[in-house]
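Student: Data: model39.pdb, PDB, C-alpha atoms.
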```pdb
ATOM      1  CA  MET A  23      78.506  72.959 197.025  1.00  0.00           C
ATOM      2  CA  ALA A  24      77.348  70.789 199.909  1.00  0.00           C
ATOM      3  CA  ALA A  25      73.602  70.445 200.359  1.00  0.00           C
ATOM      4  CA  LEU A  26      72.265  71.110 203.811  1.00  0.00           C
ATOM      5  CA  ILE A  27      69.169  69.247 204.936  1.00  0.00           C
ATOM      6  CA  ASP A  28      67.214  72.437 205.573  1.00  0.00           C
ATOM      7  CA  LYS A  29      68.503  74.314 202.521  1.00  0.00           C
ATOM      8  CA  LEU A  30      66.658  74.045 199.248  1.00  0.00           C
ATOM      9  CA  GLU A  31      67.980  75.972 196.299  1.00  0.00           C
ATOM     10  CA  HIS A  32      65.637  78.547 194.784  1.00  0.00           C
ATOM     11  CA  ALA A  33      67.093  79.411 191.383  1.00  0.00           C
ATOM     12  CA  PRO A  34      65.184  82.685 190.772  1.00  0.00           C
ATOM     13  CA  ALA A  35      66.241  84.039 194.183  1.00  0.00           C
ATOM     14  CA  ARG A  36      69.863  83.037 193.541  1.00  0.00           C
ATOM     15  CA  LEU A  37      69.771  84.872 190.197  1.00  0.00           C
ATOM     16  CA  ILE A  38      68.284  88.005 191.771  1.00  0.00           C
ATOM     17  CA  CYS A  39      70.953  88.008 194.487  1.00  0.00           C
ATOM     18  CA  GLY A  40      73.637  87.639 191.828  1.00  0.00           C
ATOM     19  CA  ARG A  41      72.328  90.680 189.958  1.00  0.00           C
ATOM     20  CA  HIS A  42      72.931  92.620 193.188  1.00  0.00           C
ATOM     21  CA  ASP A  43      76.420  91.132 193.609  1.00  0.00           C
ATOM     22  CA  ASN A  44      75.194  89.188 196.683  1.00  0.00           C
ATOM     23  CA  ARG A  45      75.418  92.391 198.719  1.00  0.00           C
ATOM     24  CA  PRO A  46      73.658  92.289 202.105  1.00  0.00           C
ATOM     25  CA  ASP A  47      72.975  96.039 201.842  1.00  0.00           C
ATOM     26  CA  ALA A  48      70.723  95.274 198.847  1.00  0.00           C
ATOM     27  CA  LEU A  49      68.431  93.045 200.919  1.00  0.00           C
ATOM     28  CA  LEU A  50      65.297  95.190 200.517  1.00  0.00           C
ATOM     29  CA  GLU A  51      65.719  95.444 196.757  1.00  0.00           C
ATOM     30  CA  ILE A  52      66.352  91.701 196.532  1.00  0.00           C
ATOM     31  CA  LEU A  53      63.257  90.898 198.590  1.00  0.00           C
ATOM     32  CA  HIS A  54      61.126  93.199 196.438  1.00  0.00           C
ATOM     33  CA  GLU A  55      62.374  91.574 193.245  1.00  0.00           C
ATOM     34  CA  ALA A  56      61.956  88.052 194.618  1.00  0.00           C
ATOM     35  CA  GLN A  57      58.393  88.818 195.652  1.00  0.00           C
ATOM     36  CA  ALA A  58      57.613  90.445 192.304  1.00  0.00           C
ATOM     37  CA  ALA A  59      58.841  87.323 190.522  1.00  0.00           C
ATOM     38  CA  GLU A  60      56.389  84.974 192.265  1.00  0.00           C
ATOM     39  CA  GLY A  61      53.950  87.155 194.162  1.00  0.00           C
ATOM     40  CA  TRP A  62      55.238  86.035 197.557  1.00  0.00           C
ATOM     41  CA  LEU A  63      58.351  85.011 199.476  1.00  0.00           C
ATOM     42  CA  SER A  64      58.644  81.269 199.984  1.00  0.00           C
ATOM     43  CA  ASP A  65      60.793  79.611 202.642  1.00  0.00           C
ATOM     44  CA  ASP A  66      63.034  78.271 199.871  1.00  0.00           C
ATOM     45  CA  ALA A  67      63.548  81.762 198.441  1.00  0.00           C
ATOM     46  CA  LEU A  68      64.392  83.204 201.868  1.00  0.00           C
ATOM     47  CA  ARG A  69      66.850  80.383 202.642  1.00  0.00           C
ATOM     48  CA  THR A  70      68.570  80.926 199.311  1.00  0.00           C
ATOM     49  CA  ILE A  71      68.756  84.695 199.845  1.00  0.00           C
ATOM     50  CA  ALA A  72      70.224  84.201 203.328  1.00  0.00           C
ATOM     51  CA  ASP A  73      72.825  81.826 201.925  1.00  0.00           C
ATOM     52  CA  ALA A  74      73.725  84.073 198.987  1.00  0.00           C
ATOM     53  CA  LEU A  75      74.078  87.186 201.154  1.00  0.00           C
ATOM     54  CA  ASN A  76      75.752  85.294 204.016  1.00  0.00           C
ATOM     55  CA  ILE A  77      73.281  86.559 206.577  1.00  0.00           C
ATOM     56  CA  SER A  78      71.132  84.614 209.004  1.00  0.00           C
ATOM     57  CA  ARG A  79      67.587  83.562 208.237  1.00  0.00           C
ATOM     58  CA  ALA A  80      66.632  85.294 211.494  1.00  0.00           C
ATOM     59  CA  GLU A  81      67.843  88.616 210.056  1.00  0.00           C
ATOM     60  CA  ILE A  82      65.784  88.093 206.931  1.00  0.00           C
ATOM     61  CA  HIS A  83      62.759  87.059 208.982  1.00  0.00           C
ATOM     62  CA  GLY A  84      63.086  90.275 210.992  1.00  0.00           C
ATOM     63  CA  VAL A  85      63.039  92.394 207.852  1.00  0.00           C
ATOM     64  CA  VAL A  86      60.218  90.467 206.161  1.00  0.00           C
ATOM     65  CA  SER A  87      58.017  90.517 209.261  1.00  0.00           C
ATOM     66  CA  PHE A  88      58.661  94.231 209.868  1.00  0.00           C
ATOM     67  CA  TYR A  89      57.459  95.425 206.453  1.00  0.00           C
ATOM     68  CA  HIS A  90      53.785  94.676 205.763  1.00  0.00           C
ATOM     69  CA  ASP A  91      54.282  94.644 201.974  1.00  0.00           C
ATOM     70  CA  TYR A  92      56.122  91.337 202.051  1.00  0.00           C
ATOM     71  CA  LYS A  93      53.826  88.352 201.628  1.00  0.00           C
ATOM     72  CA  ARG A  94      54.705  84.969 203.120  1.00  0.00           C
ATOM     73  CA  GLU A  95      52.020  82.907 201.433  1.00  0.00           C
ATOM     74  CA  ALA A  96      50.912  82.510 197.858  1.00  0.00           C
ATOM     75  CA  PRO A  97      48.437  85.205 196.904  1.00  0.00           C
ATOM     76  CA  ALA A  98      44.847  84.521 195.941  1.00  0.00           C
ATOM     77  CA  LYS A  99      44.005  84.600 192.256  1.00  0.00           C
ATOM     78  CA  LEU A 100      42.184  87.914 192.658  1.00  0.00           C
ATOM     79  CA  ALA A 101      43.457  90.667 194.978  1.00  0.00           C
ATOM     80  CA  ILE A 102      40.953  93.285 196.109  1.00  0.00           C
ATOM     81  CA  LYS A 103      42.036  96.322 198.101  1.00  0.00           C
ATOM     82  CA  LEU A 104      39.355  98.549 199.569  1.00  0.00           C
ATOM     83  CA  CYS A 105      40.177 101.970 200.981  1.00  0.00           C
ATOM     84  CA  ARG A 106      39.105 102.231 204.597  1.00  0.00           C
ATOM     85  CA  ALA A 107      40.415 105.758 205.275  1.00  0.00           C
ATOM     86  CA  GLU A 108      38.171 108.565 206.514  1.00  0.00           C
ATOM     87  CA  ALA A 109      37.134 110.020 203.130  1.00  0.00           C
ATOM     88  CA  CYS A 110      36.055 106.613 201.844  1.00  0.00           C
ATOM     89  CA  GLN A 111      34.445 105.707 205.164  1.00  0.00           C
ATOM     90  CA  ALA A 112      32.279 108.813 204.842  1.00  0.00           C
ATOM     91  CA  VAL A 113      30.805 107.476 201.590  1.00  0.00           C
ATOM     92  CA  GLY A 114      30.300 103.850 202.575  1.00  0.00           C
ATOM     93  CA  SER A 115      33.555 101.911 202.413  1.00  0.00           C
ATOM     94  CA  GLU A 116      32.886 100.047 205.666  1.00  0.00           C
ATOM     95  CA  ALA A 117      29.538  98.766 204.385  1.00  0.00           C
ATOM     96  CA  LEU A 118      31.199  97.833 201.084  1.00  0.00           C
ATOM     97  CA  ALA A 119      33.889  95.851 202.905  1.00  0.00           C
ATOM     98  CA  ALA A 120      31.256  94.060 205.002  1.00  0.00           C
ATOM     99  CA  TYR A 121      29.371  93.238 201.806  1.00  0.00           C
ATOM    100  CA  VAL A 122      32.458  91.693 200.182  1.00  0.00           C
ATOM    101  CA  GLU A 123      33.257  89.710 203.311  1.00  0.00           C
ATOM    102  CA  LYS A 124      29.773  88.231 203.353  1.00  0.00           C
ATOM    103  CA  LYS A 125      29.015  87.792 199.629  1.00  0.00           C
ATOM    104  CA  TRP A 126      32.419  86.510 198.535  1.00  0.00           C
ATOM    105  CA  ASN A 127      33.333  84.823 201.834  1.00  0.00           C
ATOM    106  CA  ALA A 128      36.589  86.774 201.952  1.00  0.00           C
ATOM    107  CA  PRO A 129      37.558  88.033 205.405  1.00  0.00           C
ATOM    108  CA  SER A 130      39.327  91.379 205.548  1.00  0.00           C
ATOM    109  CA  GLY A 131      43.037  90.695 205.611  1.00  0.00           C
ATOM    110  CA  GLY A 132      42.575  87.145 204.374  1.00  0.00           C
ATOM    111  CA  LYS A 133      41.510  84.874 201.547  1.00  0.00           C
ATOM    112  CA  SER A 134      38.194  83.348 200.662  1.00  0.00           C
ATOM    113  CA  ALA A 135      37.787  79.690 201.614  1.00  0.00           C
ATOM    114  CA  ASP A 136      38.468  78.619 198.027  1.00  0.00           C
ATOM    115  CA  GLY A 137      41.619  80.774 197.821  1.00  0.00           C
ATOM    116  CA  GLU A 138      40.236  82.699 194.847  1.00  0.00           C
ATOM    117  CA  ILE A 139      39.757  86.151 196.408  1.00  0.00           C
ATOM    118  CA  GLN A 140      41.898  88.089 198.850  1.00  0.00           C
ATOM    119  CA  LEU A 141      40.490  91.186 200.560  1.00  0.00           C
ATOM    120  CA  GLU A 142      42.861  93.745 201.987  1.00  0.00           C
ATOM    121  CA  ALA A 143      42.153  96.992 203.791  1.00  0.00           C
ATOM    122  CA  VAL A 144      44.271  99.932 202.676  1.00  0.00           C
ATOM    123  CA  TYR A 145      44.282 103.430 204.052  1.00  0.00           C
ATOM    124  CA  CYS A 146      44.355 105.681 201.011  1.00  0.00           C
ATOM    125  CA  LEU A 147      44.553 104.934 197.337  1.00  0.00           C
ATOM    126  CA  GLY A 148      44.880 108.620 196.442  1.00  0.00           C
ATOM    127  CA  ASN A 149      41.387 108.686 194.977  1.00  0.00           C
ATOM    128  CA  CYS A 150      39.536 110.397 197.822  1.00  0.00           C
ATOM    129  CA  ALA A 151      37.227 112.507 195.640  1.00  0.00           C
ATOM    130  CA  LEU A 152      35.826 109.352 194.035  1.00  0.00           C
ATOM    131  CA  GLY A 153      35.272 107.207 197.107  1.00  0.00           C
ATOM    132  CA  PRO A 154      34.672 104.595 198.031  1.00  0.00           C
ATOM    133  CA  SER A 155      37.762 103.518 196.154  1.00  0.00           C
ATOM    134  CA  GLY A 156      39.006 100.055 195.431  1.00  0.00           C
ATOM    135  CA  MET A 157      41.768  98.330 193.557  1.00  0.00           C
ATOM    136  CA  ILE A 158      41.490  94.989 191.822  1.00  0.00           C
ATOM    137  CA  ASP A 159      44.758  93.404 190.753  1.00  0.00           C
ATOM    138  CA  GLY A 160      46.424  96.806 190.670  1.00  0.00           C
ATOM    139  CA  GLU A 161      43.680  98.620 188.727  1.00  0.00           C
ATOM    140  CA  LEU A 162      42.084 101.544 190.556  1.00  0.00           C
ATOM    141  CA  PHE A 163      38.314 102.110 190.632  1.00  0.00           C
ATOM    142  CA  GLY A 164      36.285 104.940 192.133  1.00  0.00           C
ATOM    143  CA  ARG A 165      32.692 105.254 193.295  1.00  0.00           C
ATOM    144  CA  VAL A 166      32.568 101.541 193.929  1.00  0.00           C
ATOM    145  CA  THR A 167      29.165 100.142 194.821  1.00  0.00           C
ATOM    146  CA  PRO A 168      28.388  96.536 195.741  1.00  0.00           C
ATOM    147  CA  GLU A 169      26.828  96.015 192.294  1.00  0.00           C
ATOM    148  CA  ARG A 170      29.813  97.508 190.472  1.00  0.00           C
ATOM    149  CA  LEU A 171      32.253  95.517 192.553  1.00  0.00           C
ATOM    150  CA  ASP A 172      30.344  92.288 191.866  1.00  0.00           C
ATOM    151  CA  ALA A 173      30.478  92.991 188.132  1.00  0.00           C
ATOM    152  CA  LEU A 174      34.216  93.746 188.252  1.00  0.00           C
ATOM    153  CA  ILE A 175      34.947  90.592 190.247  1.00  0.00           C
ATOM    154  CA  GLU A 176      32.857  88.442 187.920  1.00  0.00           C
ATOM    155  CA  GLN A 177      34.617  89.940 184.863  1.00  0.00           C
ATOM    156  CA  ARG A 178      38.011  89.138 186.363  1.00  0.00           C
ATOM    157  CA  ILE A 179      36.961  85.582 187.265  1.00  0.00           C
ATOM    158  CA  GLU A 180      35.624  84.981 183.738  1.00  0.00           C
ATOM    159  CA  LYS A 181      38.859  86.347 182.265  1.00  0.00           C
ATOM    160  CA  MET A 182      40.965  84.039 184.476  1.00  0.00           C
ATOM    161  CA  GLU A 183      38.872  81.032 183.421  1.00  0.00           C
ATOM    162  CA  ARG A 184      39.434  81.849 179.728  1.00  0.00           C
ATOM    163  CA  GLU A 185      43.199  82.105 180.163  1.00  0.00           C
TER     164      GLU A 185
END
```
Can you give me the file's structure in the form of C-alpha cells?
Tutor:
Amino acid sequence: MAALIDKLEHAPARLICGRHDNRPDALLEILHEAQAAEGWLSDDALRTIADALNISRAEIHGVVSFYHDYKREAPAKLAIKLCRAEACQAVGSEALAAYVEKKWNAPSGGKSADGEIQLEAVYCLGNCALGPSGMIDGELFGRVTPERLDALIEQRIEKMERE
C-alpha cells in the first residue's frame, strides 16, 4: 500500500473498521468504538477511517462536528459533568458550577490549565430528585455540595496518583 504524505495509519481504527467490514453505513458505530478505545478521535484515526471506508475526510468531519458526543482532543484526566437543567438549577447547580470553575480553574466546557480536570455542562442526568447532580468519570452523585465535590475530586486525584 502506498503511503500518502498526509495519511498516517492508525492501527486500532483500521481494526475497528475491519470488524464492521469497512462499511460506510457503519460510520457512527465505528466512530463510537474508535472514541471508546482512546477517549477521543485523533486526526490519524479519522484519516484511517476515511481511507478504510472509502469516504472523504470532509464527510467524516461533518458527522463528527454535528454530534456533540464526539471529542476531538484528548480528554482531561478527570471528567466532571454537572447538571444545569431546571430542577438542578433550582437547588444550586449554577452556584456549584461557578464554584468549580473558580476553585479548580476549570472553565465550563473546557479543561483546567493543567489539563487535569474537564468541566462539562449537561442538561439532565436523570437524578432530578437528588439535585444538584453531578457525574465524575461516569459515576453519578446526587445532592452535590461544594464540599462534597471537593472531597470526591480529591479522592479521584489521589487514586490516579497511586495508579
Student: Hey, can you check how far CA of His42 (chain A) sits from CA of Glu60 (chain A)?
Tutor: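 The value is 18.2 Å.
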Student: Report the residues retrieved by the PyMOL selection byres ((chain A and resi 152-168) around 8) from the displayed file, expressed as a compact mmCIF listing (two decimals) with C-alpha atoms, in the coordinates of the input.
Tutor:
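File written: selection_5.txt
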```txt
# COMPACT_ATOMS: atom_id res chain seq x y z
CA LEU A 100 42.18 87.91 192.66
CA ALA A 101 43.46 90.67 194.98
CA ILE A 102 40.95 93.28 196.11
CA LYS A 103 42.04 96.32 198.10
CA LEU A 104 39.35 98.55 199.57
CA CYS A 105 40.18 101.97 200.98
CA ALA A 109 37.13 110.02 203.13
CA CYS A 110 36.06 106.61 201.84
CA GLN A 111 34.44 105.71 205.16
CA VAL A 113 30.80 107.48 201.59
CA GLY A 114 30.30 103.85 202.58
CA SER A 115 33.56 101.91 202.41
CA LEU A 118 31.20 97.83 201.08
CA TYR A 121 29.37 93.24 201.81
CA VAL A 122 32.46 91.69 200.18
CA LEU A 147 44.55 104.93 197.34
CA ASN A 149 41.39 108.69 194.98
CA CYS A 150 39.54 110.40 197.82
CA ALA A 151 37.23 112.51 195.64
CA GLU A 169 26.83 96.02 192.29
CA ARG A 170 29.81 97.51 190.47
CA LEU A 171 32.25 95.52 192.55
CA ASP A 172 30.34 92.29 191.87
```
Student: Step by step, work through what the PyMOL selection byres ((chain A and resi 32) around 8) selects in the shown file, and finish by giving those residues as a PDB file with C-alpha atoms, keeping the file's coordinate frame.
Tutor:
```pdb
ATOM      1  CA  LEU A  30      66.658  74.045 199.248  1.00  0.00           C
ATOM      2  CA  GLU A  31      67.980  75.972 196.299  1.00  0.00           C
ATOM      3  CA  ALA A  33      67.093  79.411 191.383  1.00  0.00           C
ATOM      4  CA  PRO A  34      65.184  82.685 190.772  1.00  0.00           C
ATOM      5  CA  ALA A  35      66.241  84.039 194.183  1.00  0.00           C
ATOM      6  CA  ARG A  36      69.863  83.037 193.541  1.00  0.00           C
ATOM      7  CA  ASP A  66      63.034  78.271 199.871  1.00  0.00           C
ATOM      8  CA  ALA A  67      63.548  81.762 198.441  1.00  0.00           C
ATOM      9  CA  THR A  70      68.570  80.926 199.311  1.00  0.00           C
TER      10      THR A  70
END
```
Student: List as a PyMOL selection string the protein and nucleic acid residues near Asp91 (chain A), meaning an atom at most 12 Å away when all atoms listed in the file are counted, but skip any in the same chain fewer than 2 places from it.
Tutor: chain A and resi 50+53-54+57-58+61-63+85-89+93-95+142+144
Student: Could you tell me how far CA of Leu68 (chain A) sits from CA of Ala143 (chain A), in Å to one decimal place?
Tutor: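 Calculated distance between CA of Ala143 (chain A) and CA of Leu68 (chain A) is 26.2 Å.
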Student: Written as a ChimeraX atom specification, which residues does the PyMOL selection byres ((chain A and resi 126) around 12) give for the file shown?
Tutor: /A:100,102,118-125,127-130,132-141,168,171-172,175-176
Student: How far is it from CA of Asn76 (chain A) to CA of Ile52 (chain A), in Å with one decimal?
Tutor: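 Between these atoms lies a distance of 13.6 Å.
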Student: Nearest to Ala74 (chain A) among A:Ala96, A:Ala48, A:Ala107, A:Cys39, with distances taken over all atoms listed in the file: which residue is it?
Tutor: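 So, comparing all the options, the nearest one is A:Cys39.
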Student: Go through A:Ala173, A:Ala112, A:Ile38, A:Ala117 and flag the residue nearest Leu75 (chain A), using only C-alpha atoms for the distances.
Tutor: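 Checking each candidate against Leu75 (chain A), we get A:Ile38 as the closest.
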